[in-house]
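Visitor: Sharing upload_26.txt, compact mmCIF, C-alpha atoms:
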# COMPACT_ATOMS: atom_id res chain seq x y z
CA MET A 28 44.29 17.67 -85.06
CA LYS A 29 44.16 13.95 -85.62
CA SER A 30 42.54 11.77 -83.03
CA LYS A 31 41.72 8.13 -82.50
CA TYR A 32 38.00 8.90 -82.22
CA VAL A 33 37.97 9.51 -85.97
CA ALA A 34 38.30 5.77 -86.56
CA SER A 35 35.32 5.02 -84.35
CA PHE A 36 33.28 7.65 -86.18
CA PHE A 37 34.13 6.23 -89.59
CA ALA A 38 33.08 2.76 -88.46
CA ALA A 39 29.74 4.12 -87.29
CA PHE A 40 29.33 6.04 -90.56
CA LEU A 41 29.77 2.84 -92.54
CA ILE A 42 27.24 1.06 -90.35
CA GLY A 43 24.79 3.71 -91.51
CA ASN A 44 25.13 2.52 -95.09
CA ALA A 45 23.38 -0.73 -94.30
CA ALA A 46 20.86 0.38 -91.69
CA THR A 47 19.78 3.43 -89.76
CA VAL A 48 22.72 4.50 -87.63
CA PHE A 49 20.74 5.38 -84.53
CA ALA A 50 19.12 1.93 -84.38
CA GLN A 51 22.41 0.06 -84.05
CA LEU A 52 22.89 -1.51 -80.63
CA PRO A 53 26.45 -2.47 -79.69
CA PRO A 54 27.15 -6.20 -79.91
CA GLU A 55 27.26 -8.21 -76.70
CA LYS A 56 30.77 -9.14 -75.54
CA SER A 57 31.96 -11.82 -73.17
CA ILE A 58 34.11 -9.29 -71.30
CA LYS A 59 32.57 -6.04 -70.05
CA ILE A 60 34.42 -3.07 -68.60
CA VAL A 61 32.01 -1.07 -66.46
CA VAL A 62 33.00 2.50 -65.64
CA THR A 63 30.76 4.51 -63.30
CA PRO A 64 30.97 8.03 -61.84
CA ASN A 65 30.38 8.27 -58.09
CA HIS A 66 27.27 10.43 -58.55
CA GLU A 67 24.23 8.36 -59.47
CA ASN A 68 22.98 10.94 -61.97
CA TRP A 69 26.49 11.43 -63.43
CA LEU A 70 26.14 15.16 -62.74
CA TYR A 71 28.43 17.48 -60.78
CA ASN A 72 28.72 21.14 -60.00
CA MET A 73 31.72 22.94 -61.40
CA GLY A 74 34.60 22.55 -58.96
CA GLU A 75 33.34 19.25 -57.53
CA LYS A 76 35.66 16.28 -57.92
CA ALA A 77 34.46 13.23 -59.82
CA THR A 78 35.62 9.73 -58.94
CA PHE A 79 35.25 6.84 -61.39
CA SER A 80 34.77 3.20 -60.41
CA ILE A 81 36.20 0.54 -62.75
CA ALA A 82 35.18 -3.12 -62.83
CA ILE A 83 35.83 -5.90 -65.34
CA TYR A 84 33.37 -8.77 -65.66
CA LYS A 85 33.29 -12.05 -67.53
CA LYS A 86 29.89 -13.72 -67.52
CA GLY A 87 28.89 -11.63 -64.54
CA THR A 88 31.99 -12.48 -62.47
CA LEU A 89 34.80 -10.06 -61.67
CA VAL A 90 38.02 -10.72 -63.60
CA GLU A 91 40.94 -10.49 -61.16
CA ASN A 92 44.58 -9.53 -61.72
CA THR A 93 43.94 -7.53 -64.87
CA LYS A 94 45.95 -4.49 -65.93
CA VAL A 95 43.99 -1.60 -67.39
CA GLY A 96 44.97 1.62 -69.06
CA TYR A 97 42.87 4.71 -68.49
CA GLU A 98 42.67 8.30 -69.62
CA VAL A 99 40.58 11.20 -68.34
CA GLY A 100 39.87 14.53 -69.96
CA HIS A 101 37.34 16.75 -71.69
CA GLU A 102 35.34 14.60 -74.10
CA LYS A 103 37.09 14.27 -77.47
CA MET A 104 40.03 16.37 -76.32
CA THR A 105 43.60 15.34 -75.46
CA PRO A 106 43.40 13.61 -72.04
CA THR A 107 44.72 15.50 -69.04
CA LYS A 108 45.41 12.31 -67.12
CA LYS A 109 46.73 9.05 -68.56
CA ASP A 110 47.96 6.05 -66.57
CA SER A 111 47.51 2.33 -65.88
CA LEU A 112 46.84 0.18 -62.85
CA ALA A 113 46.29 -3.45 -61.91
CA LEU A 114 42.86 -4.57 -60.75
CA ALA A 115 43.88 -7.19 -58.22
CA LYS A 116 40.29 -7.98 -57.33
CA GLY A 117 38.74 -6.94 -60.62
CA LYS A 118 37.78 -3.43 -59.57
CA ALA A 119 39.25 -0.10 -58.49
CA GLU A 120 38.56 3.61 -58.18
CA ILE A 121 40.41 6.52 -59.76
CA GLU A 122 40.25 10.26 -59.18
CA GLY A 123 38.87 11.93 -62.27
CA GLY A 124 39.29 15.53 -61.24
CA THR A 125 36.93 18.39 -61.95
CA LEU A 126 35.98 21.07 -64.47
CA LYS A 127 35.87 24.80 -63.82
CA GLU A 128 33.52 25.45 -66.71
CA PRO A 129 30.38 23.69 -67.98
CA GLY A 130 31.14 20.52 -69.93
CA PHE A 131 31.88 16.81 -69.78
CA LEU A 132 34.77 14.89 -68.28
CA ARG A 133 35.23 11.45 -69.86
CA CYS A 134 37.05 8.45 -68.42
CA ILE A 135 38.03 5.80 -71.00
CA VAL A 136 39.36 2.44 -69.78
CA THR A 137 40.93 -0.29 -71.92
CA ALA A 138 42.13 -3.76 -71.04
CA LYS A 139 43.56 -6.72 -72.92
CA VAL A 140 41.94 -9.96 -71.81
CA GLU A 141 42.77 -13.27 -73.46
CA GLY A 142 44.37 -11.43 -76.36
CA VAL A 143 41.41 -9.17 -77.07
CA VAL A 144 41.29 -5.43 -76.27
CA TYR A 145 38.11 -4.22 -74.57
CA LYS A 146 36.93 -0.70 -73.82
CA GLY A 147 34.61 0.95 -71.36
CA MET A 148 33.85 4.54 -70.48
CA ALA A 149 31.79 6.93 -68.43
CA THR A 150 31.23 10.65 -68.87
CA ALA A 151 30.55 13.04 -66.01
CA GLY A 152 28.60 16.21 -66.70
CA PHE A 153 29.47 19.49 -65.01
CA ASN A 154 26.51 21.87 -65.11
CA PRO A 155 25.74 21.02 -68.75
CA GLU A 156 22.55 23.06 -68.53
CA LYS A 157 24.85 26.11 -68.60
CA LEU A 158 26.65 25.21 -71.82
CA GLU A 159 26.54 27.95 -74.45
CA PRO A 160 27.26 27.45 -78.16
CA THR A 161 30.38 28.59 -79.95
CA VAL A 162 28.63 28.92 -83.31
CA THR A 163 27.47 32.39 -84.30
CA GLN A 164 24.07 33.32 -85.70
CA PRO A 165 24.14 35.25 -88.97
CA ALA A 166 22.19 38.51 -88.97
CA ASP A 167 20.38 37.40 -92.13
CA PHE A 168 19.69 33.81 -90.98
CA ASP A 169 15.90 34.08 -91.31
CA GLN A 170 16.12 35.99 -94.58
CA PHE A 171 18.43 33.33 -96.03
CA TRP A 172 16.00 30.53 -95.25
CA ASP A 173 12.92 32.53 -96.26
CA LYS A 174 14.57 33.07 -99.65
CA ALA A 175 15.40 29.35 -99.88
CA LYS A 176 11.79 28.43 -99.11
CA ASP A 177 10.61 30.85 -101.80
CA GLU A 178 12.96 29.10 -104.21
CA LEU A 179 11.43 25.74 -103.31
CA ALA A 180 7.86 27.04 -103.59
CA LYS A 181 8.40 27.82 -107.28
CA ILE A 182 9.13 24.15 -108.00
CA PRO A 183 6.16 21.78 -108.44
CA ILE A 184 5.86 19.00 -105.86
CA ASP A 185 5.49 16.60 -108.79
CA PRO A 186 5.04 13.41 -106.73
CA LYS A 187 5.87 10.14 -108.45
CA MET A 188 4.64 7.04 -106.61
CA LEU A 189 5.34 3.39 -107.32
CA LEU A 190 3.40 0.78 -105.34
CA LEU A 191 5.72 -1.82 -103.80
CA ALA A 192 3.24 -4.67 -103.69
CA GLU A 193 5.78 -7.10 -102.22
CA LYS A 194 6.37 -4.73 -99.27
CA SER A 195 2.70 -3.93 -98.68
CA THR A 196 0.51 -5.77 -96.17
CA GLY A 197 -3.18 -6.39 -95.72
CA SER A 198 -3.54 -3.07 -93.90
CA VAL A 199 -0.76 -0.86 -95.32
CA ASN A 200 0.22 0.16 -98.83
CA VAL A 201 3.94 0.83 -99.33
CA TYR A 202 5.21 3.09 -102.11
CA GLU A 203 8.51 4.34 -103.39
CA LEU A 204 8.10 8.09 -103.67
CA SER A 205 10.06 10.90 -105.28
CA LEU A 206 9.37 14.64 -105.14
CA GLY A 207 10.55 17.69 -107.03
CA ASN A 208 13.32 19.62 -105.30
CA ILE A 209 15.75 22.47 -105.99
CA ASP A 210 18.59 22.27 -108.51
CA LYS A 211 16.49 19.99 -110.76
CA SER A 212 16.95 17.20 -108.21
CA ARG A 213 14.51 14.68 -106.74
CA PHE A 214 13.95 13.79 -103.09
CA TYR A 215 13.28 10.08 -102.54
CA GLY A 216 11.61 8.08 -99.82
CA ILE A 217 9.34 5.23 -98.79
CA LEU A 218 5.73 6.09 -98.04
CA CYS A 219 3.35 3.95 -95.96
CA VAL A 220 -0.39 4.63 -96.11
CA PRO A 221 -3.15 2.77 -94.21
CA LYS A 222 -5.47 0.97 -96.64
CA LYS A 223 -8.57 1.55 -94.55
CA GLU A 224 -10.52 4.56 -95.75
CA GLY A 225 -10.18 7.48 -93.37
CA LYS A 226 -8.11 10.44 -92.23
CA TYR A 227 -4.81 9.83 -90.44
CA PRO A 228 -1.99 11.67 -88.68
CA ALA A 229 1.40 11.60 -90.37
CA ILE A 230 5.01 11.19 -89.25
CA PHE A 231 8.04 12.34 -91.25
CA LEU A 232 11.15 10.21 -90.61
CA PRO A 233 14.46 11.69 -91.80
CA PRO A 234 17.38 9.23 -91.73
CA GLY A 235 20.66 8.78 -89.91
CA ALA A 236 23.84 9.45 -91.85
CA GLY A 237 25.05 7.28 -94.67
CA VAL A 238 24.53 6.28 -98.28
CA LYS A 239 22.06 3.43 -98.06
CA PRO A 240 18.73 1.94 -99.04
CA ILE A 241 15.68 3.10 -97.10
CA TYR A 242 13.03 0.78 -95.68
CA ALA A 243 9.40 1.16 -94.69
CA ASP A 244 8.73 1.68 -90.99
CA MET A 245 6.04 -0.98 -90.74
CA SER A 246 5.86 -0.86 -86.94
CA LEU A 247 4.76 2.77 -87.05
CA ALA A 248 2.54 2.25 -90.09
CA ALA A 249 0.73 -0.51 -88.19
CA LYS A 250 -0.36 2.13 -85.65
CA GLU A 251 -2.59 3.69 -88.31
CA VAL A 252 -0.43 6.66 -89.19
CA ILE A 253 0.98 7.77 -92.52
CA THR A 254 4.78 7.55 -92.51
CA LEU A 255 7.38 8.89 -94.90
CA THR A 256 10.98 7.71 -94.47
CA VAL A 257 13.42 9.52 -96.76
CA GLY A 258 16.96 9.37 -98.05
CA VAL A 259 19.05 12.53 -98.30
CA ASN A 260 21.34 11.79 -101.23
CA GLY A 261 19.03 12.60 -104.15
CA ILE A 262 19.04 9.02 -105.48
CA PRO A 263 16.43 6.23 -105.51
CA VAL A 264 16.27 4.40 -102.18
CA THR A 265 15.43 0.89 -103.40
CA MET A 266 18.49 0.02 -105.48
CA ASP A 267 20.83 -2.91 -104.87
CA GLU A 268 22.92 -2.40 -101.74
CA GLY A 269 26.13 -2.62 -103.77
CA VAL A 270 25.23 0.60 -105.57
CA TYR A 271 25.18 2.52 -102.29
CA LYS A 272 28.45 0.98 -101.16
CA ASP A 273 30.11 2.10 -104.39
CA LEU A 274 28.72 5.62 -104.05
CA SER A 275 29.81 5.85 -100.40
CA VAL A 276 33.45 5.43 -101.43
CA GLY A 277 33.04 7.35 -104.69
CA ALA A 278 30.90 10.33 -105.65
CA LEU A 279 29.20 10.58 -102.25
CA LYS A 280 32.24 9.92 -100.08
CA GLN A 281 32.19 12.36 -97.16
CA TYR A 282 29.13 14.04 -98.64
CA PRO A 283 28.77 16.44 -95.65
CA ASN A 284 31.88 18.23 -97.01
CA ILE A 285 30.42 18.96 -100.44
CA GLY A 286 30.00 22.68 -101.13
CA LEU A 287 31.00 23.69 -97.61
CA GLU A 288 32.82 26.78 -98.86
CA ASP A 289 29.57 28.39 -100.11
CA LYS A 290 26.31 28.58 -98.12
CA ASN A 291 24.28 28.51 -101.34
CA ARG A 292 26.04 25.41 -102.69
CA TYR A 293 26.37 23.42 -99.48
CA TYR A 294 25.13 19.83 -99.73
CA TYR A 295 22.58 20.23 -96.95
CA LYS A 296 20.69 23.10 -98.57
CA ARG A 297 19.08 20.65 -100.95
CA VAL A 298 18.56 18.21 -98.04
CA PHE A 299 16.90 20.74 -95.73
CA LEU A 300 14.59 21.90 -98.52
CA GLY A 301 13.87 18.28 -99.46
CA CYS A 302 12.60 17.77 -95.93
CA LEU A 303 10.27 20.76 -96.33
CA ARG A 304 9.13 19.36 -99.66
CA SER A 305 8.27 16.12 -97.82
CA ILE A 306 6.01 18.13 -95.51
CA ASP A 307 4.43 19.75 -98.57
CA PHE A 308 3.56 16.32 -99.88
CA LEU A 309 2.31 14.82 -96.61
CA THR A 310 0.01 17.74 -95.90
CA SER A 311 -1.38 17.55 -99.46
CA MET A 312 -2.43 13.91 -99.14
CA PRO A 313 -6.20 13.29 -99.07
CA GLU A 314 -5.61 10.68 -96.35
CA PHE A 315 -3.94 13.21 -94.01
CA ASP A 316 -6.16 14.47 -91.19
CA GLY A 317 -5.14 18.05 -91.88
CA GLN A 318 -3.66 18.76 -88.46
CA ASN A 319 -1.54 16.15 -86.71
CA LEU A 320 1.96 15.99 -88.18
CA GLY A 321 5.05 14.84 -86.28
CA VAL A 322 8.75 14.45 -87.07
CA MET A 323 11.10 11.87 -85.57
CA GLY A 324 14.72 10.95 -86.21
CA GLY A 325 18.14 10.30 -84.74
CA SER A 326 21.69 11.51 -85.39
CA GLN A 327 21.59 13.19 -88.82
CA GLY A 328 17.86 12.46 -88.68
CA GLY A 329 17.68 14.19 -85.30
CA ALA A 330 19.29 17.27 -86.80
CA LEU A 331 16.86 17.21 -89.72
CA SER A 332 13.93 16.78 -87.32
CA ILE A 333 14.85 20.00 -85.51
CA VAL A 334 15.57 21.86 -88.75
CA THR A 335 12.30 20.81 -90.37
CA THR A 336 10.27 21.75 -87.30
CA ALA A 337 11.98 25.13 -87.02
CA LEU A 338 11.36 25.98 -90.68
CA ASP A 339 7.83 24.62 -91.05
CA SER A 340 4.94 25.55 -88.73
CA ARG A 341 2.90 22.63 -90.04
CA VAL A 342 4.93 20.30 -87.79
CA LYS A 343 3.15 20.03 -84.44
CA PHE A 344 5.43 17.71 -82.42
CA LEU A 345 8.93 16.27 -82.68
CA ALA A 346 10.85 13.36 -81.17
CA VAL A 347 14.65 13.55 -81.41
CA HIS A 348 17.46 11.08 -80.72
CA PHE A 349 20.98 12.49 -80.20
CA PRO A 350 20.91 15.15 -82.94
CA ALA A 351 23.99 15.71 -85.12
CA MET A 352 25.16 19.03 -86.59
CA CYS A 353 25.01 20.85 -83.25
CA ASP A 354 27.63 23.52 -82.45
CA MET A 355 29.82 22.26 -85.26
CA THR A 356 32.46 24.94 -84.61
CA GLY A 357 33.20 23.56 -81.15
CA PHE A 358 36.54 22.06 -82.13
CA LEU A 359 37.80 25.49 -83.20
CA HIS A 360 37.28 26.54 -79.59
CA LYS A 361 39.10 23.56 -78.04
CA ARG A 362 36.00 21.64 -77.04
CA ALA A 363 33.81 18.94 -78.54
CA GLY A 364 31.69 19.87 -81.53
CA GLY A 365 28.97 17.88 -83.23
CA TRP A 366 29.01 15.52 -86.19
CA PRO A 367 30.27 15.77 -88.98
CA LEU A 368 33.30 16.54 -86.81
CA TYR A 369 34.50 19.49 -88.82
CA PHE A 370 37.93 20.94 -88.01
CA THR A 371 39.24 17.69 -86.48
CA GLY A 372 41.48 15.97 -88.99
CA TYR A 373 38.65 13.79 -90.27
CA ASN A 374 37.63 16.80 -92.32
CA PRO A 375 40.33 19.09 -93.82
CA GLN A 376 40.64 22.64 -92.51
CA VAL A 377 40.95 24.67 -95.69
CA GLN A 378 39.24 28.03 -96.12
CA VAL A 379 38.17 27.87 -92.48
CA LYS A 380 36.63 31.36 -92.52
CA GLU A 381 34.32 30.51 -95.42
CA LYS A 382 33.39 27.18 -93.86
CA GLN A 383 32.57 28.78 -90.54
CA GLU A 384 30.25 31.20 -92.31
CA THR A 385 28.46 28.39 -94.12
CA ILE A 386 28.17 26.28 -90.98
CA SER A 387 26.43 29.09 -89.11
CA TYR A 388 23.51 28.92 -91.55
CA TYR A 389 23.13 25.16 -91.07
CA ASP A 390 24.02 24.56 -87.43
CA VAL A 391 21.18 22.97 -85.45
CA VAL A 392 21.78 25.41 -82.58
CA ASN A 393 20.40 28.26 -84.67
CA PHE A 394 17.35 26.22 -85.64
CA ALA A 395 16.77 25.05 -82.06
CA LYS A 396 16.26 28.68 -81.05
CA ARG A 397 13.29 28.77 -83.42
CA ILE A 398 11.43 25.67 -82.23
CA LYS A 399 7.91 26.62 -81.15
CA VAL A 400 6.26 23.24 -80.54
CA GLU A 401 6.59 20.60 -77.84
CA GLY A 402 9.23 17.92 -78.28
CA ILE A 403 10.82 14.94 -76.58
CA TYR A 404 14.60 14.42 -76.71
CA THR A 405 17.06 11.70 -75.74
CA TRP A 406 20.81 11.06 -75.82
CA GLY A 407 23.56 9.40 -73.83
CA TYR A 408 26.60 10.86 -72.15
CA ASN A 409 28.91 8.27 -73.74
CA ASP A 410 28.10 9.23 -77.33
CA GLU A 411 31.38 9.56 -79.26
CA ILE A 412 29.76 10.66 -82.54
CA CYS A 413 27.28 13.34 -81.45
CA SER A 414 28.89 14.74 -78.33
CA PRO A 415 26.67 15.61 -75.35
CA THR A 416 28.47 18.96 -75.19
CA SER A 417 27.23 19.85 -78.66
CA ILE A 418 23.72 18.51 -78.07
CA TYR A 419 23.26 20.50 -74.86
CA CYS A 420 24.28 23.63 -76.76
CA ALA A 421 21.23 23.13 -78.96
CA TYR A 422 18.88 21.80 -76.27
CA ASN A 423 19.64 24.67 -73.89
CA ASN A 424 18.48 27.10 -76.58
CA ILE A 425 15.06 25.49 -77.06
CA THR A 426 12.47 27.65 -75.30
CA ALA A 427 9.41 25.62 -76.35
CA PRO A 428 8.07 22.89 -74.01
CA LYS A 429 10.57 20.03 -73.95
CA ASN A 430 10.85 16.60 -72.36
CA LEU A 431 14.25 15.00 -71.75
CA VAL A 432 14.82 11.25 -71.44
CA LEU A 433 18.50 10.62 -70.71
CA SER A 434 20.09 7.18 -71.12
CA LEU A 435 23.35 8.14 -69.45
CA GLU A 436 25.42 5.05 -70.23
CA THR A 437 24.51 4.82 -73.92
CA GLY A 438 26.70 5.79 -76.85
CA HIS A 439 25.49 6.42 -80.39
CA TYR A 440 22.44 4.20 -80.16
CA ILE A 441 19.03 4.17 -78.57
CA LEU A 442 17.80 1.50 -76.18
CA PRO A 443 14.62 -0.32 -77.27
CA GLU A 444 12.73 0.85 -74.18
CA THR A 445 13.77 4.46 -74.81
CA ASN A 446 12.70 4.23 -78.45
CA ALA A 447 9.36 2.79 -77.32
CA LYS A 448 8.91 5.68 -74.87
CA LEU A 449 9.57 8.35 -77.50
CA THR A 450 7.37 6.62 -80.06
CA ALA A 451 4.50 6.25 -77.59
CA TRP A 452 4.82 9.92 -76.65
CA LEU A 453 4.68 11.06 -80.26
CA ILE A 454 1.80 8.77 -81.23
CA GLY A 455 -0.08 9.84 -78.12
CA LYS A 456 0.28 13.52 -79.02
CA LEU A 457 -0.77 12.97 -82.63
CA LYS A 458 -3.80 10.89 -81.74
CA LYS A 459 -5.09 12.67 -78.65
What's the structure tokens form of this structure?
Guide:
Amino acid sequence: MKSKYVASFFAAFLIGNAATVFAQLPPEKSIKIVVTPNHENWLYNMGEKATFSIAIYKKGTLVENTKVGYEVGHEKMTPTKKDSLALAKGKAEIEGGTLKEPGFLRCIVTAKVEGVVYKGMATAGFNPEKLEPTVTQPADFDQFWDKAKDELAKIPIDPKMLLLAEKSTGSVNVYELSLGNIDKSRFYGILCVPKKEGKYPAIFLPPGAGVKPIYADMSLAAKEVITLTVGVNGIPVTMDEGVYKDLSVGALKQYPNIGLEDKNRYYYKRVFLGCLRSIDFLTSMPEFDGQNLGVMGGSQGGALSIVTTALDSRVKFLAVHFPAMCDMTGFLHKRAGGWPLYFTGYNPQVQVKEKQETISYYDVVNFAKRIKVEGIYTWGYNDEICSPTSIYCAYNNITAPKNLVLSLETGHYILPETNAKLTAWLIGKLKK
């Protein structure tokens, strides 16, 4: 099942090699296609008809006499309606149709203006609070992860810290850190510690997808908290950028596929346990206040935030941006699944049965069911990497207190004001 959205995913994946994927805002363009559902909250009941408004602007002025192509259908699926029309006055409305089951109906509009192709979209939700996952839960899910944690516990934390004097400030020391992990591997990250003597809360920051260097989160560190930002690939995080680029097209190309045929050899087993090892280290620090530990991340980092919180009761709060790895079997059931977009043509479908079994032990949905602490969550309906369908499947299964901040029009990025809101919430909880 090949699809054009694979190209957009791969582009976003490469962005992640240079910087955190969820921090990337789309570049400003001189031409903007604005697509809007006729319900202000973009929500509909099943059976209701959605109408989409289309407008094309250049420097805030409608662009007249422009031909657009449009397609409407379940997000990430083959469109059910595909046509074109001329916008004589720069705007028009089209009938989008409806859904008879919970999910999302997406309208994608393209136009060629002055030789350049532009794209806009909007995604209408139909009772998404009723979405149920397609992924199964293994009967021995808890036993599997209890055994994995026992395996990790036998390995010394063995922290190795190197002060990065050139990165440190007058108030914060910055270190490169590595920790002992399973399979004789190391788990690497960047640690920020306030210089002022005292006890501090801590925040664990797992990363978005990609093979990339990792940087200190100085804005958070300046708020007098300990922060640990990690990489997931088992390699030092301060090497020359060219090294990561070579690895991303070489040994670590499509790393989410590695070991997928065996739940004990899957790439993310080491990653999930590395996150727990990070919590081991943070809670062992003499500077830690002994109680207030939070986790925050987006995309792959959002998935790891939920997983870490579900597996480790020492985490007290979490803040999550559009988590990946949710309901990853969705595409096998003819609806959108979560990143890494398994069973789509981007990833080969060999030994599907074995891969489905492995996925069920690692799918965020099954960890979301085990969240016991309060969290704050955000995503956008126009996300083409981590589909809102897949995210709702996880979110709907969280029974702990939860706060939702939707940025409906956003794709795979977080607005600065939304990031500030989630950060303020988490800091406020940790310092109350």
Visitor: List every residue of stretch 359-442 of chain A that has an atom at most 7 Å from any atom of stretch 331-350 of chain A, giving for each one its closest atom pair and the distance in Å to one decimal, counting all atoms listed in the file, sorted by chain and then by ascending residue number, as a Markdown table.
Guide:
| residue | atom | partner | partner_atom | distance |
| --- | --- | --- | --- | --- |
| A:Val391 | CA | A:Val334 | CA | 6.6 |
| A:Phe394 | CA | A:Val334 | CA | 5.6 |
| A:Ala395 | CA | A:Ile333 | CA | 6.4 |
| A:Arg397 | CA | A:Ala337 | CA | 5.3 |
| A:Ile398 | CA | A:Ala337 | CA | 4.9 |
| A:Val400 | CA | A:Phe344 | CA | 5.9 |
| A:Glu401 | CA | A:Phe344 | CA | 5.5 |
| A:Gly402 | CA | A:Leu345 | CA | 4.7 |
| A:Ile403 | CA | A:Ala346 | CA | 4.9 |
| A:Tyr404 | CA | A:Val347 | CA | 4.8 |
| A:Thr405 | CA | A:His348 | CA | 5.0 |
| A:Trp406 | CA | A:Phe349 | CA | 4.6 |
| A:Cys413 | CA | A:Phe349 | CA | 6.5 |
| A:Ile418 | CA | A:Pro350 | CA | 6.6 |
Visitor: Using all atoms listed in the file, find the one residue out of A:Gly147, A:Pro129, A:Gly142, A:Gly124 that sits nearest to A:Ile60.
Guide: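 Of A:Gly147, A:Pro129, A:Gly142, A:Gly124, the one nearest A:Ile60 is A:Gly147, counting all atoms listed in the file.
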Visitor: Quick one: pull the distance between atom CA of A:Gly96 and atom CA of A:Trp69, Å, one decimal.
Guide: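 Separation between atom CA of A:Gly96 and atom CA of A:Trp69: 21.7 Å.
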Visitor: Quick one: contact table of stretch 178-255 of chain A to stretch 263-281 of chain A, 7 Å max, nearest atom pair and distance in Å to one decimal per residue, counting only C-alpha atoms, chain and number order, as a tab-separated table?
Guide:
residue	atom	partner	partner_atom	distance
A:Tyr215	CA	A:Pro263	CA	5.8
A:Gly216	CA	A:Val264	CA	6.4
A:Val238	CA	A:Tyr271	CA	5.5
A:Lys239	CA	A:Tyr271	CA	5.3
A:Pro240	CA	A:Val264	CA	4.7
A:Ile241	CA	A:Val264	CA	5.3
Visitor: Which residue is closest to A:Tyr440? Choose from A:Pro54, A:Gly237, A:Pro186, A:Gly74 and count all atoms listed in the file.
Guide: A:Pro54
Visitor: Here is a test: counting only C-alpha atoms, which residue of A:Lys194, A:His66, A:Lys226, A:Lys396 is nearest to A:Tyr242?
Guide: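 Of the candidates, the smallest distance to A:Tyr242 is held by A:Lys194.
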Visitor: Distance atom CA of A:Thr385-atom CA of A:Val257, one decimal place?
Guide: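 Atom CA of A:Val257 lies at a distance of 24.3 Å from atom CA of A:Thr385.
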Visitor: Find the spatial neighbours of A:Ile81, counting only C-alpha atoms, within a cut-off of 10 Å - ignore same-chain residues fewer than 6 positions away - and output them as a list in words.
Guide: Ile60, Val61, Val62, Thr63, Pro64, Val95, Tyr97, Leu114, Gly117, Lys118, Ala119, Glu120, Ile121, Cys134, Ile135, Val136, Gly147, Met148 and Ala149 of chain A
Visitor: Taking into account all atoms listed in the file, which residue in the set A:Leu132, A:Ile58, A:Val432, A:Ile253 is nearest to A:Ala82?
Guide: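 So, comparing all the options, the nearest one is A:Ile58.
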Visitor: Save stretch 424-437 of chain A to disk from that block, N, CA and C atoms included, as a short mmCIF file (atom, residue, chain, number, x, y, z; two decimals), in the first residue's frame.
Guide:
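result-v4.cif was written with the following content:
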data_model
loop_
_atom_site.label_atom_id
_atom_site.label_comp_id
_atom_site.auth_asym_id
_atom_site.auth_seq_id
_atom_site.Cartn_x
_atom_site.Cartn_y
_atom_site.Cartn_z
N ASN A 424 -7.89 5.73 26.39
CA ASN A 424 -7.66 4.63 27.33
C ASN A 424 -6.91 5.07 28.58
N ILE A 425 -6.64 6.36 28.71
CA ILE A 425 -6.02 6.89 29.94
C ILE A 425 -7.13 7.19 30.94
N THR A 426 -7.09 6.54 32.08
CA THR A 426 -8.12 6.76 33.10
C THR A 426 -7.66 7.71 34.20
N ALA A 427 -6.37 8.03 34.25
CA ALA A 427 -5.85 8.98 35.23
C ALA A 427 -6.29 10.39 34.86
N PRO A 428 -6.22 11.35 35.78
CA PRO A 428 -6.57 12.74 35.44
C PRO A 428 -5.77 13.23 34.23
N LYS A 429 -6.46 13.88 33.30
CA LYS A 429 -5.78 14.31 32.07
C LYS A 429 -6.35 15.63 31.60
N ASN A 430 -5.45 16.44 31.03
CA ASN A 430 -5.78 17.76 30.52
C ASN A 430 -5.43 17.78 29.04
N LEU A 431 -6.37 18.24 28.21
CA LEU A 431 -6.16 18.23 26.77
C LEU A 431 -6.14 19.65 26.23
N VAL A 432 -5.06 19.98 25.51
CA VAL A 432 -4.92 21.29 24.86
C VAL A 432 -4.79 21.03 23.36
N LEU A 433 -5.88 21.17 22.63
CA LEU A 433 -5.86 20.92 21.19
C LEU A 433 -5.46 22.16 20.42
N SER A 434 -4.58 21.99 19.44
CA SER A 434 -4.27 23.04 18.47
C SER A 434 -4.73 22.50 17.12
N LEU A 435 -6.01 22.66 16.83
CA LEU A 435 -6.67 21.92 15.75
C LEU A 435 -5.95 22.01 14.42
N GLU A 436 -5.50 23.21 14.05
CA GLU A 436 -4.97 23.43 12.71
C GLU A 436 -3.53 22.98 12.54
N THR A 437 -2.86 22.57 13.63
CA THR A 437 -1.44 22.25 13.53
C THR A 437 -1.21 20.85 12.98
#
